[in-house]
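Novice: Got a structure for you, questions after.
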Amino acid sequence: MTDTKETSKEAPPYEDNPQSHESHNSSKVTSTATPATSKSASLCPRVLTPEQLEKLHNDAILVSDFKQLKLEKEAQKNWDLFYKRNSTNFFKDRHWTTREFEELKACRQQNPLYNAKQCKAFQCDLTKDDLLENIPSESVDVVTLIFVLSAVHPDKMHLLLENIYKVLKPGGCVLFRDYGLYDHAMMRFKSGNKLGDNFYVRQDGTRSFFFSDDYLAQLFTQAGYEVLVNEYVLRETVNKKEGLSVPRVFLQSKFKKVTTGT
């Protein structure tokens, strides 16, 4: 049994579950998190040791082009297998989203305005399937991208944002949370797993990108969004029994579709 104490912002279940790629076993875990809003923290979300800096500098060998093409072709299959393996014992609803994003409070089923007939579930590839085939143009108030964009190849991220832009109302917003630069998950990748700058592949073939605030802001503004909030969330998980401290870095943001005429 893991006893977790949160004193501030809580990370989503993907980071906390003992069966995730980035977690570790512990009998007693204390977690703290704070947003990094100062200029220095924004430029460098986490202070790295000389050894860690050297590791990043020396990790220059990229996965071969052949394997990278294979990973891109099999991306859906690899994620399908991931969710199949973790269908019942991985994700837990901790209701952290409604604490972090007040825009989502009205989305809970107990809300009297909730109507199942108005909810449409469908599967698509946001980088190539046109959302307008299932959703009317400029009809959506809020879009959530919570640990989604990091799984997309960097060359295709703009396609996803442009696709969402078409269905989002003017003034509507995108709520974002994902892996930040120098997160523990990024620093523990061994040589041979690097696909590109801040882009890595796990042993199961799933991939992950680690965002800087500047990179993310540029990505959204180039797609026509306005930056409302864009800050690092620094979180530390301490395993007292093993004497381990695991620093986590996430990026939490809000972006708005610019109102027509502004």
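Each chain of the structure tokens is named A, B, ... in the order shown, its residues numbered from 1; ligands are numbered from 1 in display order.
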If we count only C-alpha atoms, what is near region 157-170 of chain A at a cut-off of 9 Å, once residues fewer than 4 positions away on the same chain are taken out, given as number ranges by chain?
Specialist: A: 125-132, 135-143, 149-150, 152-153, 174, 219-220, 222-225, 256-260
Novice: Give me, please, the distance in Å between CA of Phe101 (chain A) and CA of Val148 (chain A), quoted to one decimal.
Specialist: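 Those two atoms sit 16.3 Å apart.
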Novice: Identify, on the basis of only C-alpha atoms, every residue whose closest approach to Glu72 (chain A) does not exceed 12 Å; exclude the query and any residue fewer than 2 positions from it along the same chain; express the result as a PyMOL selection string.
Specialist: chain A and resi 65-70+74-79+151-156+195+201+205-207
Novice: Return the single residue from A:Asp197, A:Asp204, A:Asp214, A:Glu100 that is closest to Arg177 (chain A), with distances computed using only C-alpha atoms.
Specialist: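 Checking each candidate against Arg177 (chain A), we get A:Glu100 as the closest.
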Novice: As a ChimeraX atom specification, list the residues of region 37-235 of chain A assigned to strand (DSSP E) by DSSP on the backbone atoms of this structure.
Specialist: /A:140-146,168-179,194-196,199-201,207-209,225-235
Novice: What residues in region 140-188 of chain A get the DSSP label helix (DSSP H, G or I)? Please answer as a ChimeraX atom specification.
Specialist: /A:149-151,154-167,184-187
Novice: Could you check the closest approach to Asp213 (chain A) for each of A:Asn230, A:Asn58, A:Thr49, A:Gln118 and tell me which residue wins, using only C-alpha atoms?
Specialist: A:Asn230
Novice: Tell me which of A:Lys190, A:Gln218, A:Glu103, A:Leu175 sits closest to Ala60 (chain A), counting only C-alpha atoms.
Specialist: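 Smallest separation from Ala60 (chain A) among the options: A:Lys190.
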